[in-house]
Amino acid sequence: MIVAARNNSKLSMAGLAGVLAGVLLAAGCTSGGGSGTDGQAPGSSAAPAAPAQPLKVELVTTAKVPPGGPSPKRAAKQAEPGLERFLDRYLTVAFVNAAGGEAGWDGLIGLFDKPVRASARKQLDALSLGAAASKVSAIRPSRASARAVVLYGEQRPQAATVRLAFDGTADTAKGTGQVHLRSVLQLLATGDSWRIAAFDSRTGPPK
Amino acid sequence: MTRRAPTLIAVLGLVAALAAGLVVATSPRQPATAQDAAAVTVQRAHAGSATPTLKRRVVLLTIGSDSGAPKFGRSGAMESGRADALQLVIIDTSKRKGAVVSFPRDSYVPIPGHGTNKINAAMAFGGPPLLVATFEQLTGLTIDYYALTSFDGLTDIVNKVGKVQVNVDMNLRDHFAGAFLDKGRRNLTGGQALAYARARKTLPGGDFDRSRHQGQLLLGGLTTYQRQVAEDPAKVLTWLGIMRDEVKTDLPFPELLRLALLATDVPASGIKNIPVPSVAGSAGGASVVRLLPGAYSLFGRLRAGSLG
């Protein structure tokens, strides 16, 4: 009895322990990422990337119009597609296509008005992936939003002030990390596109 | 011992498994997605800003016309009136410094093709281009652009931007211009700004004081603009829209925008307000203002790149 009891006790203890361990481990796994969408090992550089969202700038536009001009709503609507294309282009060359660092920065600098290009080239780290580009293999956008105020005149958009925000995930050999951009861009309309005439920008962790 | 060894190992293993489970269970919540898995710092914090870097110096002639102001009973076109407020605004874009050089409207000077006359008559004779040519001949400076407004324009600008802050430098009780202001920092309405710009007859320095006050108004406008843009960067467009509606200029829009952006970066304290040295006189029975030798010395220094 005693042996049997001991044996039973050993069995029941082992069983209980196994169940407890399993539950706790399961709980740990659940807590550690079991409910994640991809079930990957957290923080692992070998982890498969989350499905990349295509870059899409969520843009809200308002317009200032001259007396006798179109309605502000109509003027904003007219300006929106071109602005959206420009901001998409900016984020693409500054972040998405900058990964790897092989593309260089001429494409980005070309988006600036000439009188501000030299300053922009000196401040790439505040405007783009900058020096981090060479160690990043891919950028996955997670949020791109902008609020624009457009000055309308001579039957077309002439200038715009844009508050731009971008967040994304960068893949590197050592793991993944976040990238952020918060900018105020002063834009000058040039025919069918825009140029950045002044900027106030920051990158890296939010304040 | 040997019989109990497997049991001990099992118990130890169980304890280890439990401990591991507990550690995992009590660890801080791990990232759920790849995006949350911020294992490395990719970007450090960087901040930067820039406004346009233009050619070394920009010279702008600002003109206040006595015509084209229906609200004040002033008919006719602005550009065919007399130029009653005249400032050369010189900005050294690389040093972010400048000067506002104010000219008395009655300055008696040569006008190309029109002999010698009061400088304010030049615009009535040949519009802004002749006035610019008169200034270029007088000072030896190249005027890049002009900006012209009227009584209506000035008052509308100030009212639309929501008053301008001016350091009023004397107590004013000028019934002729309607200027009733106490010395000190004041937020002027459009009407008050116009009165401050026009008051002359009761001022001890007459036209000289008036010129200085006009320069103060320009600098007050700059300070007000910078303060508003610092709070809301889109105010650049608000001001540009107002200027477009109230000011006639030969500045192409891209250059106007670049100057407006540059102006956010030029402290008003770095801009000198310089009334041209002059003295009251007469010519042919009319009261005029004659420029003193110091005026020509000033023009020489400006030509040489100094800001006065």
# chains A, B, ... in the order shown; residues from 1 in each chain; ligands from 1

call {"tool": "select_by_dssp", "arguments": {"residues": "region 108-275 of chain B", "states": "strand (DSSP E or B)", "output": "VMD selection string"}}
result
chain B and resid 108 to 110 116 to 118 145 to 149 164 to 168 172 to 174 179 to 181 184 to 188 248 to 249 271 to 275

call {"tool": "write_last_selection", "arguments": {"atoms": "N, CA and C atoms", "output": "mmCIF file, in the first residue's frame"}}
result
data_model
loop_
_atom_site.group_PDB
_atom_site.id
_atom_site.type_symbol
_atom_site.label_atom_id
_atom_site.label_comp_id
_atom_site.auth_asym_id
_atom_site.auth_seq_id
_atom_site.Cartn_x
_atom_site.Cartn_y
_atom_site.Cartn_z
ATOM 1 N N TYR B 108 13.902 115.605 -52.384
ATOM 2 C CA TYR B 108 14.026 116.329 -53.649
ATOM 3 C C TYR B 108 15.195 115.725 -54.418
ATOM 4 N N VAL B 109 14.882 114.978 -55.465
ATOM 5 C CA VAL B 109 15.915 114.173 -56.141
ATOM 6 C C VAL B 109 15.714 114.199 -57.653
ATOM 7 N N PRO B 110 16.762 113.873 -58.396
ATOM 8 C CA PRO B 110 16.606 113.759 -59.856
ATOM 9 C C PRO B 110 15.726 112.569 -60.217
ATOM 10 N N THR B 116 14.377 117.475 -61.643
ATOM 11 C CA THR B 116 14.447 117.207 -60.203
ATOM 12 C C THR B 116 13.089 117.516 -59.589
ATOM 13 N N ASN B 117 12.658 116.634 -58.744
ATOM 14 C CA ASN B 117 11.316 116.786 -58.178
ATOM 15 C C ASN B 117 11.240 115.990 -56.876
ATOM 16 N N LYS B 118 10.080 116.076 -56.229
ATOM 17 C CA LYS B 118 9.883 115.229 -55.056
ATOM 18 C C LYS B 118 9.859 113.761 -55.516
ATOM 19 N N TYR B 145 13.064 93.982 -56.723
ATOM 20 C CA TYR B 145 11.601 93.906 -56.848
ATOM 21 C C TYR B 145 10.953 95.106 -56.154
ATOM 22 N N TYR B 146 9.688 95.333 -56.495
ATOM 23 C CA TYR B 146 8.924 96.312 -55.723
ATOM 24 C C TYR B 146 7.646 95.646 -55.203
ATOM 25 N N ALA B 147 7.093 96.236 -54.169
ATOM 26 C CA ALA B 147 5.799 95.791 -53.621
ATOM 27 C C ALA B 147 5.009 97.041 -53.293
ATOM 28 N N LEU B 148 3.803 97.138 -53.858
ATOM 29 C CA LEU B 148 3.014 98.371 -53.785
ATOM 30 C C LEU B 148 1.667 98.103 -53.136
ATOM 31 N N THR B 149 1.305 98.975 -52.216
ATOM 32 C CA THR B 149 -0.047 98.864 -51.647
ATOM 33 C C THR B 149 -0.622 100.260 -51.424
ATOM 34 N N VAL B 164 -0.872 94.211 -35.760
ATOM 35 C CA VAL B 164 0.587 94.061 -35.750
ATOM 36 C C VAL B 164 1.140 94.726 -34.499
ATOM 37 N N GLN B 165 2.172 94.105 -33.982
ATOM 38 C CA GLN B 165 2.777 94.621 -32.751
ATOM 39 C C GLN B 165 3.884 95.618 -33.110
ATOM 40 N N VAL B 166 3.757 96.836 -32.601
ATOM 41 C CA VAL B 166 4.720 97.891 -32.933
ATOM 42 C C VAL B 166 5.205 98.557 -31.650
ATOM 43 N N ASN B 167 6.477 98.863 -31.611
ATOM 44 C CA ASN B 167 7.015 99.641 -30.490
ATOM 45 C C ASN B 167 6.819 101.121 -30.808
ATOM 46 N N VAL B 168 5.714 101.670 -30.359
ATOM 47 C CA VAL B 168 5.416 103.091 -30.596
ATOM 48 C C VAL B 168 6.425 103.908 -29.786
ATOM 49 N N LEU B 172 1.527 110.053 -29.231
ATOM 50 C CA LEU B 172 1.036 110.695 -30.448
ATOM 51 C C LEU B 172 -0.375 111.236 -30.234
ATOM 52 N N ARG B 173 -0.539 112.520 -30.569
ATOM 53 C CA ARG B 173 -1.881 113.128 -30.573
ATOM 54 C C ARG B 173 -1.986 113.921 -31.865
ATOM 55 N N ASP B 174 -2.094 113.199 -32.977
ATOM 56 C CA ASP B 174 -2.070 113.845 -34.293
ATOM 57 C C ASP B 174 -3.475 113.803 -34.898
ATOM 58 N N ALA B 179 -4.013 109.901 -35.408
ATOM 59 C CA ALA B 179 -3.143 109.010 -34.618
ATOM 60 C C ALA B 179 -3.174 109.425 -33.153
ATOM 61 N N PHE B 180 -3.718 108.560 -32.323
ATOM 62 C CA PHE B 180 -3.771 108.814 -30.880
ATOM 63 C C PHE B 180 -3.242 107.573 -30.174
ATOM 64 N N LEU B 181 -1.951 107.576 -29.955
ATOM 65 C CA LEU B 181 -1.290 106.390 -29.402
ATOM 66 C C LEU B 181 -0.332 106.791 -28.296
ATOM 67 N N GLY B 184 5.042 102.915 -26.251
ATOM 68 C CA GLY B 184 5.125 101.552 -25.717
ATOM 69 C C GLY B 184 4.783 100.508 -26.776
ATOM 70 N N ARG B 185 4.843 99.274 -26.354
ATOM 71 C CA ARG B 185 4.537 98.178 -27.284
ATOM 72 C C ARG B 185 3.029 98.085 -27.446
ATOM 73 N N ARG B 186 2.577 98.249 -28.658
ATOM 74 C CA ARG B 186 1.129 98.275 -28.921
ATOM 75 C C ARG B 186 0.769 97.302 -30.035
ATOM 76 N N ASN B 187 -0.398 96.695 -29.911
ATOM 77 C CA ASN B 187 -0.958 95.899 -31.007
ATOM 78 C C ASN B 187 -1.903 96.800 -31.782
ATOM 79 N N LEU B 188 -1.485 97.183 -32.973
ATOM 80 C CA LEU B 188 -2.234 98.179 -33.733
ATOM 81 C C LEU B 188 -3.232 97.528 -34.684
ATOM 82 N N LYS B 248 0.451 94.777 -54.910
ATOM 83 C CA LYS B 248 0.868 94.552 -56.302
ATOM 84 C C LYS B 248 2.386 94.482 -56.314
ATOM 85 N N THR B 249 2.912 93.463 -56.973
ATOM 86 C CA THR B 249 4.360 93.288 -56.963
ATOM 87 C C THR B 249 4.836 92.642 -58.254
ATOM 88 N N ILE B 271 17.569 93.488 -38.061
ATOM 89 C CA ILE B 271 17.244 94.415 -39.150
ATOM 90 C C ILE B 271 17.257 95.845 -38.614
ATOM 91 N N LYS B 272 18.097 96.663 -39.215
ATOM 92 C CA LYS B 272 18.200 98.051 -38.771
ATOM 93 C C LYS B 272 17.112 98.886 -39.442
ATOM 94 N N ASN B 273 16.558 99.811 -38.699
ATOM 95 C CA ASN B 273 15.587 100.755 -39.247
ATOM 96 C C ASN B 273 16.307 102.081 -39.421
ATOM 97 N N ILE B 274 16.569 102.453 -40.664
ATOM 98 C CA ILE B 274 17.438 103.611 -40.924
ATOM 99 C C ILE B 274 16.695 104.673 -41.732
ATOM 100 N N PRO B 275 16.275 105.756 -41.109
ATOM 101 C CA PRO B 275 15.752 106.873 -41.895
ATOM 102 C C PRO B 275 16.914 107.563 -42.625
#

call {"tool": "residues_around", "arguments": {"residues": "Thr161 (chain A)", "least_positions_apart": "2", "cutoff": "9 Å", "atoms": "only C-alpha atoms", "output": "MDAnalysis selection string"}}
result
(chainID A and resid 147:151 159 163 184:187) or (chainID B and resid 233:237)

call {"tool": "write_last_selection", "arguments": {"atoms": "N, CA and C atoms", "output": "short mmCIF file (atom, residue, chain, number, x, y, z; two decimals), in the first residue's frame"}}
result
data_model
loop_
_atom_site.label_atom_id
_atom_site.label_comp_id
_atom_site.auth_asym_id
_atom_site.auth_seq_id
_atom_site.Cartn_x
_atom_site.Cartn_y
_atom_site.Cartn_z
N ARG A 147 -1.48 66.08 -43.25
CA ARG A 147 -2.51 67.13 -43.28
C ARG A 147 -1.92 68.29 -44.07
N ALA A 148 -2.62 68.69 -45.11
CA ALA A 148 -2.08 69.73 -45.99
C ALA A 148 -3.01 70.94 -46.05
N VAL A 149 -2.40 72.11 -46.05
CA VAL A 149 -3.13 73.35 -46.34
C VAL A 149 -2.55 73.87 -47.65
N VAL A 150 -3.43 74.11 -48.60
CA VAL A 150 -2.99 74.51 -49.94
C VAL A 150 -3.37 75.96 -50.20
N LEU A 151 -2.45 76.72 -50.75
CA LEU A 151 -2.76 78.08 -51.21
C LEU A 151 -3.06 78.00 -52.70
N ALA A 159 1.09 76.73 -53.48
CA ALA A 159 1.98 76.37 -52.37
C ALA A 159 1.18 75.54 -51.38
N ARG A 163 1.92 68.70 -42.91
CA ARG A 163 2.43 67.99 -41.72
C ARG A 163 2.40 66.51 -42.05
N VAL A 184 7.28 69.01 -41.01
CA VAL A 184 6.49 70.07 -41.62
C VAL A 184 7.22 70.46 -42.89
N LEU A 185 6.55 70.28 -44.01
CA LEU A 185 7.15 70.60 -45.30
C LEU A 185 6.43 71.80 -45.92
N GLN A 186 7.19 72.78 -46.34
CA GLN A 186 6.62 73.90 -47.09
C GLN A 186 6.86 73.62 -48.56
N LEU A 187 5.78 73.49 -49.32
CA LEU A 187 5.91 73.04 -50.70
C LEU A 187 5.59 74.17 -51.68
N PRO B 233 2.74 76.70 -38.78
CA PRO B 233 3.51 76.90 -40.02
C PRO B 233 2.65 77.24 -41.24
N ALA B 234 1.38 76.83 -41.22
CA ALA B 234 0.52 77.14 -42.36
C ALA B 234 0.17 78.62 -42.45
N LYS B 235 0.52 79.39 -41.40
CA LYS B 235 0.28 80.84 -41.45
C LYS B 235 1.08 81.50 -42.56
N VAL B 236 2.15 80.86 -42.99
CA VAL B 236 2.90 81.39 -44.15
C VAL B 236 1.93 81.59 -45.31
N LEU B 237 1.07 80.60 -45.52
CA LEU B 237 0.13 80.67 -46.63
C LEU B 237 -0.97 81.71 -46.38
#

call {"tool": "residues_around", "arguments": {"residues": "Ala83 (chain B)", "least_positions_apart": "3", "cutoff": "7 Å", "atoms": "only C-alpha atoms", "output": "list of chain:residue names"}}
result
B:Ile63, B:Gly64, B:Ser65, B:Asp66, B:Leu86, B:Arg105, B:Asn120, B:Ala121, B:Met123

call {"tool": "write_last_selection", "arguments": {"atoms": "N, CA and C atoms", "output": "PDB file, in the first residue's frame"}}
result
ATOM      1  N   ILE B  63       6.319 100.310 -51.394  1.00  0.00           N
ATOM      2  CA  ILE B  63       5.712 101.592 -51.773  1.00  0.00           C
ATOM      3  C   ILE B  63       4.295 101.678 -51.215  1.00  0.00           C
ATOM      4  N   GLY B  64       3.999 102.795 -50.586  1.00  0.00           N
ATOM      5  CA  GLY B  64       2.630 103.076 -50.166  1.00  0.00           C
ATOM      6  C   GLY B  64       2.071 104.181 -51.049  1.00  0.00           C
ATOM      7  N   SER B  65       1.055 103.855 -51.835  1.00  0.00           N
ATOM      8  CA  SER B  65       0.486 104.826 -52.775  1.00  0.00           C
ATOM      9  C   SER B  65      -0.611 105.653 -52.099  1.00  0.00           C
ATOM     10  N   ASP B  66      -0.777 106.892 -52.567  1.00  0.00           N
ATOM     11  CA  ASP B  66      -1.865 107.718 -52.025  1.00  0.00           C
ATOM     12  C   ASP B  66      -3.145 107.554 -52.841  1.00  0.00           C
ATOM     13  N   LEU B  86       7.939 105.123 -48.590  1.00  0.00           N
ATOM     14  CA  LEU B  86       9.003 104.532 -49.412  1.00  0.00           C
ATOM     15  C   LEU B  86      10.088 103.912 -48.533  1.00  0.00           C
ATOM     16  N   ARG B 105       8.973 111.174 -48.286  1.00  0.00           N
ATOM     17  CA  ARG B 105       8.305 111.243 -49.592  1.00  0.00           C
ATOM     18  C   ARG B 105       8.634 112.526 -50.341  1.00  0.00           C
ATOM     19  N   ASN B 120       8.272 111.305 -54.535  1.00  0.00           N
ATOM     20  CA  ASN B 120       6.972 110.627 -54.602  1.00  0.00           C
ATOM     21  C   ASN B 120       6.258 110.880 -55.923  1.00  0.00           C
ATOM     22  N   ALA B 121       6.763 111.878 -56.687  1.00  0.00           N
ATOM     23  CA  ALA B 121       6.128 112.170 -57.973  1.00  0.00           C
ATOM     24  C   ALA B 121       6.552 111.171 -59.050  1.00  0.00           C
ATOM     25  N   MET B 123       6.420 108.006 -59.285  1.00  0.00           N
ATOM     26  CA  MET B 123       5.452 106.960 -59.645  1.00  0.00           C
ATOM     27  C   MET B 123       4.293 107.550 -60.447  1.00  0.00           C
TER      28      MET B 123
END

call {"tool": "residues_around", "arguments": {"residues": "Leu164 (chain A)", "least_positions_apart": "6", "cutoff": "6 Å", "atoms": "only C-alpha atoms", "output": "list in words"}}
result
Ser145, Ala146, Arg182 and Ser183 of chain A

call {"tool": "atom_distance", "arguments": {"atom1": "CA of Thr189 (chain B)", "atom2": "CA of Gly162 (chain B)"}}
result
7.5 Å

call {"tool": "atom_distance", "arguments": {"atom1": "CA of Ala260 (chain B)", "atom2": "CA of Val100 (chain B)"}}
result
16.2 Å

call {"tool": "residues_around", "arguments": {"residues": "Thr134 (chain B)", "least_positions_apart": "6", "cutoff": "8 Å", "atoms": "only C-alpha atoms", "output": "CSV table (one decimal) with N, CA and C atoms, in the first residue's frame"}}
result
chain,number,residue,atom,x,y,z
B,110,PRO,N,16.8,113.9,-58.4
B,110,PRO,CA,16.6,113.8,-59.9
B,110,PRO,C,15.7,112.6,-60.2
B,111,ILE,N,14.8,112.8,-61.1
B,111,ILE,CA,13.9,111.7,-61.6
B,111,ILE,C,14.3,111.5,-63.1
B,112,PRO,N,14.7,110.4,-63.5
B,112,PRO,CA,15.1,110.2,-64.9
B,112,PRO,C,14.0,110.7,-65.9
B,119,ILE,N,10.5,112.9,-54.7
B,119,ILE,CA,10.6,111.5,-55.1
B,119,ILE,C,9.3,110.8,-55.3
B,122,ALA,N,7.7,110.5,-58.8
B,122,ALA,CA,8.2,109.6,-59.8
B,122,ALA,C,7.2,108.5,-60.3

call {"tool": "closest_residue", "arguments": {"among": "A:Ala173, A:Ala103, A:Ala75, A:Ala144", "to": "chain B", "atoms": "only C-alpha atoms"}}
result
A:Ala173

call {"tool": "select_by_dssp", "arguments": {"residues": "region 41-132 of chain A", "states": "alpha helix (DSSP H)", "output": "ChimeraX atom specification"}}
result
/A:72-91,106-109,114-122,124-127

call {"tool": "closest_residue", "arguments": {"among": "B:Gly140, B:Lys201, B:Ser278, B:Arg227", "to": "Ala304 (chain B)", "atoms": "only C-alpha atoms"}}
result
B:Gly140

call {"tool": "closest_residue", "arguments": {"among": "B:Val279, B:Ala177, B:Leu298, B:Met243", "to": "chain A", "atoms": "only C-alpha atoms"}}
result
B:Met243

call {"tool": "closest_residue", "arguments": {"among": "B:Lys55, B:Arg290, B:Arg244, B:His46", "to": "Ile91 (chain B)", "atoms": "only C-alpha atoms"}}
result
B:Lys55

call {"tool": "closest_residue", "arguments": {"among": "B:Phe125, B:Phe151, B:Phe135, B:Phe103", "to": "Met78 (chain B)", "atoms": "only C-alpha atoms"}}
result
B:Phe151

call {"tool": "atom_distance", "arguments": {"atom1": "CA of Ser306 (chain B)", "atom2": "CA of Val288 (chain B)"}}
result
28.4 Å

call {"tool": "closest_residue", "arguments": {"among": "B:Leu257, B:Ala280, B:Ser107, B:Glu79", "to": "Gly126 (chain B)", "atoms": "only C-alpha atoms"}}
result
B:Glu79

call {"tool": "residues_around", "arguments": {"residues": "Leu127 (chain A)", "least_positions_apart": "2", "cutoff": "10 Å", "atoms": "only C-alpha atoms", "output": "PyMOL selection string"}}
result
(chain A and resi 90-91+94-95+108+120-125+129-130+181-183+199-203) or (chain B and resi 46-49)

call {"tool": "residues_around", "arguments": {"residues": "Thr142 (chain B)", "least_positions_apart": "5", "cutoff": "10 Å", "atoms": "only C-alpha atoms", "output": "MDAnalysis selection string"}}
result
chainID B and resid 58:60 132:133 135:137 303
